[in-house]
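Here's the structure, in structure tokens; my notes come after.
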Amino acid sequence: MLAQQAPRRGARPPRASPRRVEKALKLRKEPTFKRRNGRQIVSGHRDLPLDERLVVDLDALLPAGGGAAEAGAGAGGPREVDGVRLTWLDVRHEALGLDLRCWDAADPRRRAPARVWTLAGHEGLYVVRGALAPPEQLDAAAQVLHELCDPPAVTNLHREVGPLPPGLFEAAGAGAVLDLGRGGAGGVRWRPPRDGDPGADPPPLPARELLSRLRWTSIGPPFDWTRRQYLLGAPRREVPPGLAATAAEAYRACRAVGKALGWGVGLPDDDPGFSPDAGLVNYYRAGDALMAHRDDAEADMRQPIVALSLGCPGVFVKGGLSRDDEGVAAVLVRSGDAVVLDGVARRAFHGVPRVLCERGCPELAGPGAGGERAAVAEYLQRVRVSVSLRRVGGAGGPGGALAQAGGLTGSAGA
Ligand SMILES: O=C(O)CCC(=O)C(=O)O
């Protein structure tokens with residue numbers, strides 16, 4: 001076992017609770033002014049920029065192009081754990097007083113080594129940079145947008161406007177409207193807009209507007225936000241095998257890193273590995289936030305949470321076991337990254353107080369994707385999508401603070 005990754009002597013990790021960090025990081029606006037008739041009046045509002053000093057940008061910590069495998073001083077390994085070959089590099093974030101370790105985890109079952117980051121003082125938190133390559137990000141997002149929003153998956157829109165016909169994303173791209181079909185033949189369906197639509201009662205709803213109001217989808221058993229439990233008997237869309245495999249691979253690398261550090265890991269050695277059967281997809285637009293919560297509605301808390309990021313960057317915040325515990329990490333996560341919460345961190349408060357939609361998604365910008373993938377890439381320039389996979393198993397738990405948090409909140413949020 002390696003020495004525990006501990007803060008260096010003299011380091012002063014930032015002492016702040018998730019509540020305080022959230023407040024400092026969430027999008028705030030300030031008024032802009034103009035003069036009229038000699039008086040100063042409010043003309044609008046502008047977004048205040050993110051206070052970058054509070055956030056760890058992992059890419060900025062490594063020498064250009066370098067990782068543990070390429071580094072000299074401060075590097076360690078190789079060391080093999082559970083068939084995963086580990087090399088590592090210690091990195092210090094002076095301004096935040098944080099000690100981090102960047103691991104390259106080479107697993108013969110994976111095509112390329114995983115780059116995993118750990119932070120001293122945050123046992124069980126792992127950030128896997130680039131768990132999905134750009135083409136895989138597009139495939140995953142296409143799957144989320146094309147299939148996983150369709151019934152029987154449940155979304156916030158189903159709660160607001162009732163079950164939608166399949167094909168919300170395609171309908172939005174085609175400029176279609178939702179005909180509520182009351183009293184008519186054919187029921188609720190997508191159709192092209194017509195001249196008489198604005199005066200119709202009820203007026204049809206433009207698919208584009210509905211897509212802009214999409215905030216969450218459940219994969220696997222739907223989550224009942226009121227009773228705070230998974231509806232294990234309800235019809236469901238299964239976790240797509242590709243997403244499940246990505247999450248399993250990411251977890252395998254993180255578990256090896258955790259064992260090398262002497263951290264507690266969730267799944268015992270004789271377990272076949274992480275095999276998610278449920279997930280929550282969050283769609284964040286500018287101004288949206290997921291406030292600090294704990295995911296504790298799952299019956300078996302030894303199973304990790306693996307959250308895949310797609311699209312615009314966001315700030316992932318992890319705190320302790322209560323909202324007021326001090327010692328918070330705020331990390332910039334980018335398209336393709338996976339955040340893994342395992343062991344003691346599985347019960348930790350975490351959230352995404354800020355998304356940076358104004359930065360777009362550089363990983364998926366420019367030519368490359370054609371056809372239907374182009375529409376997905378374009379969507380991801382404005383939206384952050386997270387797919388947080390978990391194992392619910394056969395029995396629902398008592399319900400948790402995730403439900404109490406009530407899901408995504410925001411400017412236009414549900
Ligand atoms: O958006 C994320 O990356 C985190 C999502 C999350 O915390 C959750 O779904 O419980």
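All residue names refer to the structure tokens as shown: chains lettered A, B, ... in order, residues numbered from 1 in each chain, ligands numbered from 1 in order.
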What residues of the protein or nucleic acid chains come within 10 Å of ligand 1 when you use only C-alpha atoms and all ligand atoms? Reply as a CSV table (one decimal) with N, CA and C atoms, in the first residue's frame.
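Okay, result_23.csv is ready:
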chain,number,residue,atom,x,y,z
A,216,TRP,N,-34.4,16.8,-16.7
A,216,TRP,CA,-33.9,15.5,-16.2
A,216,TRP,C,-34.7,14.4,-16.9
A,218,SER,N,-34.9,9.9,-16.3
A,218,SER,CA,-34.4,8.8,-15.5
A,218,SER,C,-34.2,7.6,-16.4
A,279,GLY,N,-30.0,5.3,-13.7
A,279,GLY,CA,-29.2,6.6,-13.9
A,279,GLY,C,-30.1,7.8,-13.9
A,280,LEU,N,-29.5,8.9,-13.6
A,280,LEU,CA,-30.3,10.2,-13.8
A,280,LEU,C,-29.5,11.0,-14.8
A,281,VAL,N,-30.2,11.5,-15.8
A,281,VAL,CA,-29.6,12.4,-16.7
A,281,VAL,C,-30.1,13.8,-16.4
A,282,ASN,N,-29.1,14.7,-16.2
A,282,ASN,CA,-29.4,16.1,-15.9
A,282,ASN,C,-29.0,17.0,-17.1
A,283,TYR,N,-29.9,17.9,-17.5
A,283,TYR,CA,-29.6,18.8,-18.6
A,283,TYR,C,-29.5,20.2,-18.1
A,284,TYR,N,-28.3,20.7,-18.1
A,284,TYR,CA,-28.1,22.1,-17.5
A,284,TYR,C,-27.9,23.1,-18.6
A,289,ALA,N,-28.3,25.0,-11.8
A,289,ALA,CA,-27.4,24.5,-10.8
A,289,ALA,C,-28.1,23.3,-10.1
A,290,LEU,N,-27.3,22.4,-9.7
A,290,LEU,CA,-27.7,21.2,-8.9
A,290,LEU,C,-27.1,21.4,-7.5
A,291,MET,N,-27.9,21.8,-6.6
A,291,MET,CA,-27.4,22.2,-5.3
A,291,MET,C,-26.9,21.0,-4.5
A,292,ALA,N,-26.1,21.2,-3.4
A,292,ALA,CA,-25.5,20.1,-2.7
A,292,ALA,C,-26.6,19.1,-2.2
A,293,HIS,N,-26.3,17.9,-2.4
A,293,HIS,CA,-27.2,16.8,-2.0
A,293,HIS,C,-26.4,15.5,-1.8
A,294,ARG,N,-27.1,14.5,-1.3
A,294,ARG,CA,-26.5,13.2,-1.2
A,294,ARG,C,-27.3,12.2,-1.9
A,295,ASP,N,-26.7,11.3,-2.6
A,295,ASP,CA,-27.5,10.2,-3.3
A,295,ASP,C,-27.6,9.1,-2.3
A,296,ASP,N,-28.7,9.0,-1.6
A,296,ASP,CA,-28.7,7.9,-0.6
A,296,ASP,C,-30.1,7.1,-0.7
A,305,ILE,N,-21.2,5.8,-7.4
A,305,ILE,CA,-21.9,6.6,-8.4
A,305,ILE,C,-20.8,7.0,-9.4
A,306,VAL,N,-21.1,6.9,-10.7
A,306,VAL,CA,-20.2,7.3,-11.8
A,306,VAL,C,-21.0,8.3,-12.6
A,307,ALA,N,-20.6,9.6,-12.6
A,307,ALA,CA,-21.3,10.6,-13.3
A,307,ALA,C,-20.5,11.1,-14.5
A,308,LEU,N,-21.0,10.8,-15.7
A,308,LEU,CA,-20.3,11.2,-17.0
A,308,LEU,C,-20.8,12.6,-17.4
A,309,SER,N,-19.8,13.4,-17.8
A,309,SER,CA,-20.1,14.8,-18.3
A,309,SER,C,-20.1,14.8,-19.8
A,310,LEU,N,-21.0,15.5,-20.3
A,310,LEU,CA,-21.1,15.7,-21.8
A,310,LEU,C,-21.4,17.2,-22.1
A,313,PRO,N,-18.6,22.8,-20.0
A,313,PRO,CA,-18.0,22.5,-18.7
A,313,PRO,C,-18.9,22.9,-17.5
A,314,GLY,N,-18.6,22.3,-16.3
A,314,GLY,CA,-19.3,22.7,-15.1
A,314,GLY,C,-18.3,22.6,-13.9
A,315,VAL,N,-18.8,23.1,-12.8
A,315,VAL,CA,-18.0,23.0,-11.6
A,315,VAL,C,-18.6,22.0,-10.7
A,316,PHE,N,-17.9,20.9,-10.4
A,316,PHE,CA,-18.4,19.9,-9.5
A,316,PHE,C,-17.8,20.2,-8.1
A,317,VAL,N,-18.7,20.2,-7.1
A,317,VAL,CA,-18.3,20.5,-5.8
A,317,VAL,C,-18.5,19.3,-4.9
A,318,LYS,N,-17.5,18.9,-4.1
A,318,LYS,CA,-17.7,17.8,-3.2
A,318,LYS,C,-17.4,18.3,-1.8
A,333,VAL,N,-15.1,20.3,-14.5
A,333,VAL,CA,-15.2,19.0,-15.2
A,333,VAL,C,-15.7,19.4,-16.7
A,334,ARG,N,-15.1,18.6,-17.6
A,334,ARG,CA,-15.2,18.9,-19.0
A,334,ARG,C,-15.9,17.7,-19.7
A,337,ASP,N,-15.4,13.7,-19.2
A,337,ASP,CA,-14.9,13.3,-17.8
A,337,ASP,C,-15.9,12.4,-17.1
A,338,ALA,N,-15.4,11.7,-16.1
A,338,ALA,CA,-16.3,10.9,-15.2
A,338,ALA,C,-15.9,11.3,-13.8
A,339,VAL,N,-16.9,11.6,-13.0
A,339,VAL,CA,-16.6,11.8,-11.6
A,339,VAL,C,-17.1,10.5,-10.9
A,340,VAL,N,-16.3,10.0,-10.0
A,340,VAL,CA,-16.6,8.7,-9.3
A,340,VAL,C,-16.7,9.0,-7.9
A,341,LEU,N,-17.8,8.6,-7.2
A,341,LEU,CA,-17.9,8.8,-5.8
A,341,LEU,C,-18.0,7.3,-5.2
A,349,PHE,N,-21.9,15.1,0.5
A,349,PHE,CA,-22.6,16.1,-0.2
A,349,PHE,C,-21.9,16.5,-1.4
A,350,HIS,N,-22.6,16.7,-2.5
A,350,HIS,CA,-21.9,17.1,-3.8
A,350,HIS,C,-23.0,17.8,-4.6
A,351,GLY,N,-22.5,18.6,-5.6
A,351,GLY,CA,-23.4,19.3,-6.5
A,351,GLY,C,-22.7,20.0,-7.6
A,352,VAL,N,-23.4,20.7,-8.4
A,352,VAL,CA,-22.9,21.4,-9.5
A,352,VAL,C,-23.5,22.8,-9.4
A,353,PRO,N,-22.8,23.7,-8.7
A,353,PRO,CA,-23.5,25.1,-8.5
A,353,PRO,C,-23.4,25.9,-9.8
A,354,ARG,N,-22.5,25.5,-10.7
A,354,ARG,CA,-22.3,26.5,-11.8
A,354,ARG,C,-22.0,25.7,-13.1
A,355,VAL,N,-22.6,26.0,-14.2
A,355,VAL,CA,-22.2,25.5,-15.5
A,355,VAL,C,-21.7,26.7,-16.3
A,384,ARG,N,-25.0,21.5,-20.8
A,384,ARG,CA,-24.2,20.4,-20.1
A,384,ARG,C,-25.1,19.3,-19.7
A,385,VAL,N,-24.7,18.1,-20.1
A,385,VAL,CA,-25.5,16.9,-19.8
A,385,VAL,C,-24.7,16.0,-18.9
A,386,SER,N,-25.3,15.6,-17.8
A,386,SER,CA,-24.6,14.6,-16.9
A,386,SER,C,-25.4,13.4,-16.8
A,387,VAL,N,-24.7,12.2,-16.9
A,387,VAL,CA,-25.4,10.9,-16.8
A,387,VAL,C,-24.8,10.3,-15.6
A,388,SER,N,-25.6,10.3,-14.5
A,388,SER,CA,-25.0,9.7,-13.3
A,388,SER,C,-25.6,8.3,-13.1
A,389,LEU,N,-24.7,7.3,-13.2
A,389,LEU,CA,-25.1,5.9,-13.2
A,389,LEU,C,-24.9,5.3,-11.8
A,390,ARG,N,-25.8,4.5,-11.5
A,390,ARG,CA,-25.7,3.9,-10.1
A,390,ARG,C,-26.4,2.5,-10.2
A,401,ALA,N,-31.5,12.7,0.3
A,401,ALA,CA,-31.4,14.1,0.2
A,401,ALA,C,-31.4,14.6,-1.3
A,402,LEU,N,-31.0,13.7,-2.2
A,402,LEU,CA,-31.1,14.1,-3.6
A,402,LEU,C,-32.6,14.5,-3.9
A,403,ALA,N,-33.5,13.6,-3.4
A,403,ALA,CA,-34.9,13.9,-3.7
A,403,ALA,C,-35.3,15.2,-2.9
A,405,ALA,N,-33.5,17.7,-2.4
A,405,ALA,CA,-33.0,18.8,-3.2
A,405,ALA,C,-33.9,19.1,-4.3
A,407,GLY,N,-33.9,18.0,-7.4
A,407,GLY,CA,-33.4,18.0,-8.7
A,407,GLY,C,-32.8,19.4,-9.1
A,408,LEU,N,-32.7,19.5,-10.5
A,408,LEU,CA,-32.0,20.7,-11.0
A,408,LEU,C,-32.8,21.9,-10.8
Exercise. Between A:Ala348, A:Leu210, A:Ala377, A:Arg35, which one has atoms that come closest to Glu326 of chain A, using only C-alpha atoms?
Worked result: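 Looking only at the distances to Glu326 of chain A, the closest residue turns out to be A:Ala348.
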Problem set entry | Pick from A:Ala244, A:Leu232, A:Val257, A:Val328 nearest to Gly393 of chain A, counting only C-alpha atoms | A:Leu232
Exercise. How many Å lie between atom CA of Asp104 of chain A and atom CA of Ser335 of chain A, rounded to one decimal?
Worked result: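 For atom CA of Asp104 of chain A relative to atom CA of Ser335 of chain A, the distance reads 18.9 Å.
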